[in-house]
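Containing TSV, C-alpha atoms: data_4.tsv.
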chain	number	residue	atom	x	y	z
S	1	MET	CA	70.15	-20.07	6.88
S	2	ASN	CA	70.78	-17.17	4.51
S	3	ASP	CA	71.84	-17.73	0.91
S	4	ASN	CA	72.41	-14.54	-1.05
S	5	SER	CA	73.22	-16.18	-4.39
S	6	LEU	CA	70.74	-15.62	-7.20
S	7	GLY	CA	69.16	-18.52	-9.05
S	8	LYS	CA	70.44	-19.15	-12.56
S	9	TYR	CA	67.08	-18.33	-14.16
S	10	THR	CA	66.79	-15.11	-12.13
S	11	VAL	CA	70.14	-14.05	-13.61
S	12	SER	CA	69.68	-15.39	-17.15
S	13	PHE	CA	66.16	-13.99	-17.61
S	14	GLY	CA	67.15	-10.73	-15.88
S	15	LEU	CA	69.92	-10.29	-18.45
S	16	SER	CA	67.54	-11.36	-21.20
S	17	LEU	CA	65.06	-8.72	-19.98
S	18	ALA	CA	67.79	-6.06	-20.25
S	19	ILE	CA	68.93	-7.10	-23.73
S	20	THR	CA	65.39	-7.59	-25.08
S	21	SER	CA	64.28	-4.18	-23.75
S	22	LEU	CA	67.11	-2.45	-25.59
S	23	LEU	CA	66.57	-4.47	-28.78
S	24	SER	CA	62.86	-3.66	-28.63
S	25	ALA	CA	63.58	0.06	-28.38
S	26	LEU	CA	66.05	-0.12	-31.26
S	27	LEU	CA	63.50	-2.06	-33.32
S	28	VAL	CA	61.05	0.83	-32.82
S	29	VAL	CA	63.55	3.23	-34.40
S	30	LEU	CA	64.48	0.75	-37.14
S	31	LYS	CA	60.92	-0.02	-38.24
S	32	GLU	CA	59.80	3.61	-38.12
S	33	LEU	CA	62.75	4.79	-40.24
S	34	ASN	CA	62.87	1.80	-42.59
S	35	GLU	CA	59.80	1.28	-44.77
S	36	PRO	CA	60.67	-2.27	-45.97
S	37	VAL	CA	61.16	-3.43	-42.36
S	38	LEU	CA	57.85	-1.83	-41.31
S	39	ASN	CA	56.05	-3.38	-44.30
S	40	TRP	CA	57.48	-6.81	-43.55
S	41	MET	CA	56.41	-6.53	-39.91
S	42	LYS	CA	52.92	-5.41	-40.99
S	43	HIS	CA	52.51	-8.41	-43.28
S	44	ALA	CA	54.12	-10.99	-40.98
S	45	THR	CA	51.06	-10.80	-38.68
S	46	VAL	CA	47.90	-8.68	-38.55
S	47	HIS	CA	49.85	-5.60	-37.34
S	48	HIS	CA	53.49	-4.47	-37.03
S	49	TRP	CA	52.93	-4.04	-33.28
S	50	VAL	CA	51.83	-7.69	-32.96
S	51	THR	CA	54.96	-8.80	-34.83
S	52	HIS	CA	57.03	-6.59	-32.53
S	53	GLY	CA	55.49	-8.22	-29.44
S	54	ILE	CA	56.09	-11.74	-30.77
S	55	PHE	CA	59.69	-10.81	-31.64
S	56	ASN	CA	60.25	-9.56	-28.07
S	57	LEU	CA	58.75	-12.66	-26.53
S	58	ILE	CA	60.81	-15.05	-28.65
S	59	VAL	CA	64.05	-13.14	-27.95
S	60	PHE	CA	63.28	-12.97	-24.21
S	61	VAL	CA	62.53	-16.70	-23.87
S	62	VAL	CA	65.29	-18.00	-26.16
S	63	LEU	CA	67.96	-15.67	-24.73
S	64	GLY	CA	66.92	-16.38	-21.13
S	65	TRP	CA	67.07	-20.12	-21.75
S	66	ALA	CA	70.37	-19.92	-23.69
S	67	LEU	CA	72.10	-17.78	-21.05
S	68	ALA	CA	71.04	-20.28	-18.38
S	69	GLN	CA	73.08	-22.96	-20.22
S	70	LEU	CA	76.36	-21.01	-19.82
S	71	ASN	CA	79.11	-22.20	-17.46
S	72	GLY	CA	78.16	-25.84	-17.80
S	73	GLY	CA	74.49	-25.17	-17.06
S	74	ALA	CA	75.17	-23.02	-13.97
S	75	GLY	CA	74.17	-19.84	-15.79
S	76	PRO	CA	75.99	-16.49	-16.04
S	77	LYS	CA	78.11	-15.33	-13.11
S	78	ILE	CA	77.20	-11.76	-12.26
S	79	THR	CA	76.76	-9.72	-9.08
S	80	THR	CA	73.30	-8.71	-7.89
S	81	LYS	CA	74.19	-5.04	-8.27
S	82	ALA	CA	75.32	-5.56	-11.88
S	83	LEU	CA	72.14	-7.48	-12.71
S	84	ILE	CA	69.84	-4.83	-11.21
S	85	THR	CA	71.85	-1.99	-12.81
S	86	GLY	CA	71.64	-3.87	-16.10
S	87	PHE	CA	67.90	-4.37	-16.32
S	88	VAL	CA	66.89	-1.10	-14.65
S	89	GLY	CA	69.31	0.82	-16.88
S	90	ALA	CA	68.13	-1.00	-19.99
S	91	VAL	CA	64.45	-0.35	-19.25
S	92	VAL	CA	65.11	3.34	-18.51
S	93	ILE	CA	67.33	3.81	-21.60
S	94	GLY	CA	64.88	1.84	-23.75
S	95	GLY	CA	62.01	4.00	-22.53
S	96	LEU	CA	63.99	7.17	-23.22
S	97	ILE	CA	64.89	5.98	-26.74
S	98	ILE	CA	61.22	5.31	-27.50
S	99	ALA	CA	59.89	8.52	-25.91
S	100	GLY	CA	62.72	10.60	-27.42
S	101	PHE	CA	62.16	9.14	-30.87
S	102	TYR	CA	58.43	9.92	-30.92
S	103	LEU	CA	59.04	13.33	-29.36
S	104	ILE	CA	61.27	14.18	-32.33
S	105	GLU	CA	59.52	12.23	-35.09
S	106	GLY	CA	55.92	12.20	-33.83
J	1	MET	CA	29.45	-1.94	-31.67
J	2	SER	CA	30.64	1.08	-29.74
J	3	ASN	CA	29.46	-0.45	-26.42
J	4	PHE	CA	31.43	-3.62	-27.14
J	5	SER	CA	34.51	-1.51	-27.88
J	6	ASP	CA	34.05	0.35	-24.58
J	7	VAL	CA	33.69	-2.91	-22.62
J	8	ILE	CA	36.88	-4.23	-24.21
J	9	LEU	CA	38.72	-1.00	-23.42
J	10	MET	CA	37.53	-0.89	-19.78
J	11	THR	CA	38.49	-4.54	-19.32
J	12	HIS	CA	41.97	-3.66	-20.56
J	13	VAL	CA	42.18	-0.84	-18.00
J	14	LEU	CA	40.79	-3.10	-15.25
J	15	PHE	CA	43.47	-5.74	-15.73
J	16	GLY	CA	46.14	-3.03	-15.98
J	17	MET	CA	45.03	-1.60	-12.64
J	18	LEU	CA	44.90	-5.09	-11.07
J	19	CYS	CA	48.47	-5.61	-12.29
J	20	ILE	CA	49.59	-2.38	-10.58
J	21	ILE	CA	47.75	-3.17	-7.33
J	22	ALA	CA	49.16	-6.71	-7.21
J	23	SER	CA	52.66	-5.30	-7.86
J	24	VAL	CA	52.31	-2.87	-4.95
J	25	TRP	CA	51.21	-5.80	-2.80
J	26	VAL	CA	54.27	-7.82	-3.90
J	27	PHE	CA	56.51	-4.84	-3.14
J	28	VAL	CA	55.15	-4.39	0.39
J	29	ASP	CA	55.12	-8.12	1.11
J	30	VAL	CA	58.75	-8.46	-0.03
J	31	LEU	CA	59.75	-5.58	2.27
J	32	ASN	CA	58.30	-7.74	5.07
J	33	ALA	CA	59.33	-11.09	3.61
J	34	SER	CA	59.09	-14.08	5.93
J	35	GLU	CA	58.44	-17.77	5.68
J	36	ALA	CA	54.77	-17.01	6.36
J	37	ASN	CA	54.16	-14.78	3.30
J	38	GLN	CA	56.49	-16.59	0.87
J	39	ALA	CA	53.68	-18.53	-0.83
J	40	ARG	CA	51.54	-15.39	-1.12
J	41	ILE	CA	54.41	-13.45	-2.75
J	42	LYS	CA	54.89	-16.21	-5.32
J	43	GLY	CA	51.15	-16.40	-6.00
J	44	LEU	CA	50.83	-12.62	-6.34
J	45	SER	CA	53.83	-12.50	-8.67
J	46	VAL	CA	52.13	-15.00	-10.95
J	47	ALA	CA	48.93	-12.91	-10.69
J	48	VAL	CA	50.89	-9.80	-11.79
J	49	ALA	CA	52.07	-11.66	-14.90
J	50	VAL	CA	48.59	-13.03	-15.65
J	51	PHE	CA	46.91	-9.62	-15.18
J	52	MET	CA	49.52	-7.94	-17.37
J	53	TRP	CA	49.16	-10.54	-20.14
J	54	LEU	CA	45.37	-10.16	-20.05
J	55	ALA	CA	45.68	-6.35	-20.15
J	56	TYR	CA	48.11	-6.67	-23.08
J	57	LEU	CA	46.06	-9.16	-25.11
J	58	ILE	CA	42.75	-7.38	-24.53
J	59	GLY	CA	44.30	-3.95	-25.13
J	60	GLY	CA	46.08	-5.31	-28.20
J	61	TYR	CA	42.80	-6.64	-29.59
J	62	TRP	CA	41.15	-3.25	-29.05
J	63	TYR	CA	44.12	-1.43	-30.59
J	64	VAL	CA	44.20	-3.58	-33.73
J	65	VAL	CA	40.42	-3.80	-34.23
J	66	PHE	CA	38.96	-0.51	-32.94
J	67	TYR	CA	41.64	2.16	-32.53
J	68	ALA	CA	41.83	3.28	-36.19
J	69	THR	CA	38.62	5.34	-35.82
J	70	ASP	CA	39.84	7.07	-32.65
J	71	LYS	CA	43.25	7.62	-34.21
J	72	ALA	CA	41.78	9.44	-37.22
J	73	LEU	CA	39.63	11.52	-34.88
J	74	ILE	CA	42.55	12.43	-32.58
J	75	LEU	CA	44.81	13.41	-35.51
J	76	LYS	CA	42.18	15.84	-36.82
J	77	GLY	CA	41.54	17.31	-33.35
J	78	PRO	CA	43.39	19.88	-31.23
J	79	TRP	CA	45.51	17.22	-29.45
J	80	PRO	CA	47.24	15.25	-32.25
J	81	PHE	CA	50.15	14.61	-29.85
J	82	ALA	CA	47.78	12.27	-27.97
J	83	HIS	CA	48.43	9.80	-30.80
J	84	ASN	CA	51.70	10.98	-32.38
J	85	PHE	CA	53.58	10.95	-29.11
J	86	VAL	CA	51.52	9.48	-26.27
J	87	MET	CA	49.95	6.45	-27.98
J	88	GLU	CA	53.06	5.64	-30.01
J	89	MET	CA	55.17	5.79	-26.83
J	90	LYS	CA	52.60	3.79	-24.81
J	91	GLU	CA	52.18	0.96	-27.29
J	92	HIS	CA	55.93	0.33	-27.36
J	93	VAL	CA	56.90	0.98	-23.72
J	94	ILE	CA	54.16	-1.43	-22.68
J	95	LEU	CA	56.10	-4.21	-24.41
J	96	MET	CA	58.88	-3.71	-21.84
J	97	LEU	CA	56.29	-3.71	-19.05
J	98	LEU	CA	55.08	-7.07	-20.34
J	99	LEU	CA	58.63	-8.44	-20.11
J	100	LEU	CA	59.03	-7.09	-16.56
J	101	ALA	CA	55.73	-8.68	-15.47
J	102	THR	CA	56.71	-11.98	-17.09
J	103	TYR	CA	60.07	-11.87	-15.30
J	104	LEU	CA	58.59	-11.12	-11.85
J	105	PRO	CA	57.45	-14.70	-11.00
J	106	ILE	CA	60.86	-16.01	-12.16
J	107	ALA	CA	62.66	-13.59	-9.82
J	108	ALA	CA	60.21	-14.32	-6.99
J	109	SER	CA	60.72	-18.09	-7.22
J	110	SER	CA	63.70	-17.97	-4.80
J	111	ASN	CA	63.35	-18.24	-1.02
J	112	LEU	CA	63.01	-14.49	-0.59
J	113	PHE	CA	62.90	-14.46	3.20
J	114	ALA	CA	66.39	-15.99	3.32
J	115	ASN	CA	67.90	-14.30	0.28
J	116	ARG	CA	68.57	-10.55	0.38
J	117	SER	CA	69.84	-10.45	-3.22
J	118	ALA	CA	66.68	-12.04	-4.57
J	119	ARG	CA	64.58	-9.63	-2.50
J	120	SER	CA	66.43	-6.66	-4.07
J	121	VAL	CA	65.80	-7.96	-7.58
J	122	VAL	CA	62.07	-8.50	-6.90
J	123	LEU	CA	61.72	-5.05	-5.28
J	124	TRP	CA	63.25	-3.35	-8.31
J	125	VAL	CA	61.11	-5.32	-10.77
J	126	ALA	CA	57.88	-4.73	-8.82
J	127	GLY	CA	58.77	-1.04	-8.37
J	128	LEU	CA	59.38	-0.61	-12.11
J	129	ILE	CA	56.08	-2.33	-12.91
J	130	VAL	CA	54.22	0.09	-10.62
J	131	LEU	CA	55.95	3.19	-12.04
J	132	ILE	CA	55.63	2.20	-15.69
J	133	GLY	CA	52.10	0.87	-15.11
J	134	MET	CA	51.00	4.22	-13.68
J	135	THR	CA	52.65	6.01	-16.61
J	136	MET	CA	50.71	3.76	-18.99
J	137	ASP	CA	47.49	4.46	-17.11
J	138	GLY	CA	48.06	8.22	-17.32
J	139	SER	CA	48.93	7.90	-21.00
J	140	GLY	CA	45.64	6.10	-21.61
J	141	ALA	CA	43.82	8.99	-19.95
J	142	ILE	CA	45.57	11.52	-22.23
J	143	ILE	CA	44.68	9.46	-25.32
J	144	GLY	CA	41.05	9.35	-24.16
J	145	MET	CA	41.11	13.12	-23.64
J	146	GLY	CA	42.61	13.51	-27.13
J	147	ALA	CA	39.54	11.78	-28.58
J	148	LYS	CA	37.19	13.76	-26.32
J	149	VAL	CA	38.57	17.22	-27.23
J	150	ALA	CA	38.49	16.20	-30.91
J	151	LEU	CA	34.78	15.39	-30.59
J	152	LEU	CA	34.11	18.64	-28.69
J	153	ALA	CA	35.90	20.63	-31.40
J	154	LYS	CA	33.61	19.24	-34.12
As structure tokens - that is how I would like this structure written.
Amino acid sequence: MNDNSLGKYTVSFGLSLAITSLLSALLVVLKELNEPVLNWMKHATVHHWVTHGIFNLIVFVVLGWALAQLNGGAGPKITTKALITGFVGAVVIGGLIIAGFYLIEG
Amino acid sequence: MSNFSDVILMTHVLFGMLCIIASVWVFVDVLNASEANQARIKGLSVAVAVFMWLAYLIGGYWYVVFYATDKALILKGPWPFAHNFVMEMKEHVILMLLLLATYLPIAASSNLFANRSARSVVLWVAGLIVLIGMTMDGSGAIIGMGAKVALLAK
């Protein structure tokens, strides 16, 4: 028997992946252009890049879990096409933001 | 000390390549998803995440502990873009790759052989991991060449 509905964690963590990827790319620009932010991230762990990775992981897990609690615990309602467009688009845009930033500023 | 650094770096590359190979395997298996290969797809998806995390942690250790010397060398050499653009881009894009690899086993936890939507999601995630993984691998080669041409120019 075929069931084409996506599991709630597939949807919630897929959306979390999209949002976290974009936030991560924006954090690159923020920390590189903002000395206090970069300094804080450097001192929060052994390296700003380590802090960045931990930030991403926390956002991804917390957001994925929180989104799964929506709609009375059924998770977000979204089509498969919208989910795929969301995380593929976010990863591509995030990658372009990062590459574009270092192409200009590097 | 330099040998230890090289072993660490090669181990990072090894796990990165294993992550790419396992992702290709997931991709092909999902194209031919059936009840028979369901368990293998789930196991391989977990392997992709484990390989990627190992590549990330080992590469991260090398980057934090050893890269400063190479960085200084590259910046003084004829290919400063190998750090200013390639390494800076790589070290941040790889964070998205880590998220994709972590998400893969979650997406692959559905009954893929009976669920076309779930198959589509897994195919896109595995495909992105392969493409970004190969970009990261090529970037690593350029960074290595950046250090090499800097040494040759001395």
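The shell of residues at most 10 Å from Thr79 in chain S, with all atoms listed in the file counted and near chain neighbours (fewer than 2 positions) removed, consists of Ser5, Leu6, Val11, Pro76, Lys77, Lys81, Ala82, Leu83, Ile84 and Thr85 of chain S; Ser117 of chain J.
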Write down, as a compact mmCIF listing (two decimals) with C-alpha atoms, in the coordinates of the input, each residue of chain S that has any atom within 8 Å of an atom of chain J, counting all atoms listed in the file.
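This is the output file selection19.txt:
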# COMPACT_ATOMS: atom_id res chain seq x y z
CA MET S 1 70.15 -20.07 6.88
CA ASN S 2 70.78 -17.17 4.51
CA ASP S 3 71.84 -17.73 0.91
CA ASN S 4 72.41 -14.54 -1.05
CA SER S 5 73.22 -16.18 -4.39
CA LEU S 6 70.74 -15.62 -7.20
CA GLY S 7 69.16 -18.52 -9.05
CA TYR S 9 67.08 -18.33 -14.16
CA THR S 10 66.79 -15.11 -12.13
CA PHE S 13 66.16 -13.99 -17.61
CA GLY S 14 67.15 -10.73 -15.88
CA LEU S 17 65.06 -8.72 -19.98
CA SER S 21 64.28 -4.18 -23.75
CA SER S 24 62.86 -3.66 -28.63
CA ALA S 25 63.58 0.06 -28.38
CA VAL S 28 61.05 0.83 -32.82
CA VAL S 46 47.90 -8.68 -38.55
CA HIS S 47 49.85 -5.60 -37.34
CA TRP S 49 52.93 -4.04 -33.28
CA VAL S 50 51.83 -7.69 -32.96
CA GLY S 53 55.49 -8.22 -29.44
CA ASN S 56 60.25 -9.56 -28.07
CA LEU S 57 58.75 -12.66 -26.53
CA PHE S 60 63.28 -12.97 -24.21
CA THR S 80 73.30 -8.71 -7.89
CA ILE S 84 69.84 -4.83 -11.21
CA VAL S 88 66.89 -1.10 -14.65
CA VAL S 91 64.45 -0.35 -19.25
CA GLY S 95 62.01 4.00 -22.53
CA ILE S 98 61.22 5.31 -27.50
CA ALA S 99 59.89 8.52 -25.91
CA TYR S 102 58.43 9.92 -30.92
CA LEU S 103 59.04 13.33 -29.36
CA GLY S 106 55.92 12.20 -33.83
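Here CA of Asn34 in chain S stands at a distance of 26.1 Å from CA of Gly59 in chain J.
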Given 8 Å on each side, where is the centre and what are the edge lengths in Å to one decimal of the axis-aligned box enclosing the listed atoms of range 39-50 of chain S, as JSON?
{"center_x": 52.7, "center_y": -7.2, "center_z": -38.6, "size_x": 25.6, "size_y": 23.6, "size_z": 27.3}
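Ranking S:Leu15, S:Leu26, S:Leu63, S:Ala68 by their shortest atom-to-atom distance to Gly100 in chain S, with only C-alpha atoms included, puts S:Leu26 first.
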Notebook entry, point to check: So what do you get for CA of Leu23 in chain S versus CA of Leu38 in chain S, distance-wise?
Noted result: 15.5 Å
Margin query: What's the separation between CA of Ile74 in chain J and CA of Leu14 in chain J, in Å to one decimal place?
Written below: 23.3 Å
Next item on the list: Give as number ranges by chain every residue, naming chains and numbers as the document does, that has an atom within 12 Å of (45.8, -3.0, -9.9), counting only C-alpha atoms.
Entry: J: 12-26, 44, 47-52, 55, 129-130, 133-134, 137
Next item on the list: Find the residue from J:Ala153, J:Ala101, J:Ile58, J:Ile143 that sits nearest to Met10 in chain J; use only C-alpha atoms when measuring.
Entry: J:Ile58
Which residues are close to Val149 in chain J, i.e. within 8 Å by all atoms listed in the file, leaving aside same-chain residues fewer than 2 positions away? Reply as a compact mmCIF listing (two decimals) with C-alpha atoms, in the frame of the given file.
# COMPACT_ATOMS: atom_id res chain seq x y z
CA GLY J 77 41.54 17.31 -33.35
CA PRO J 78 43.39 19.88 -31.23
CA TRP J 79 45.51 17.22 -29.45
CA MET J 145 41.11 13.12 -23.64
CA GLY J 146 42.61 13.51 -27.13
CA ALA J 147 39.54 11.78 -28.58
CA LEU J 151 34.78 15.39 -30.59
CA LEU J 152 34.11 18.64 -28.69
CA ALA J 153 35.90 20.63 -31.40
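When only C-alpha atoms are used to measure the gap to Ile142 in chain J, the shortest distance among J:Ile41, J:Ala82, J:Leu73, J:Leu123 belongs to J:Ala82.
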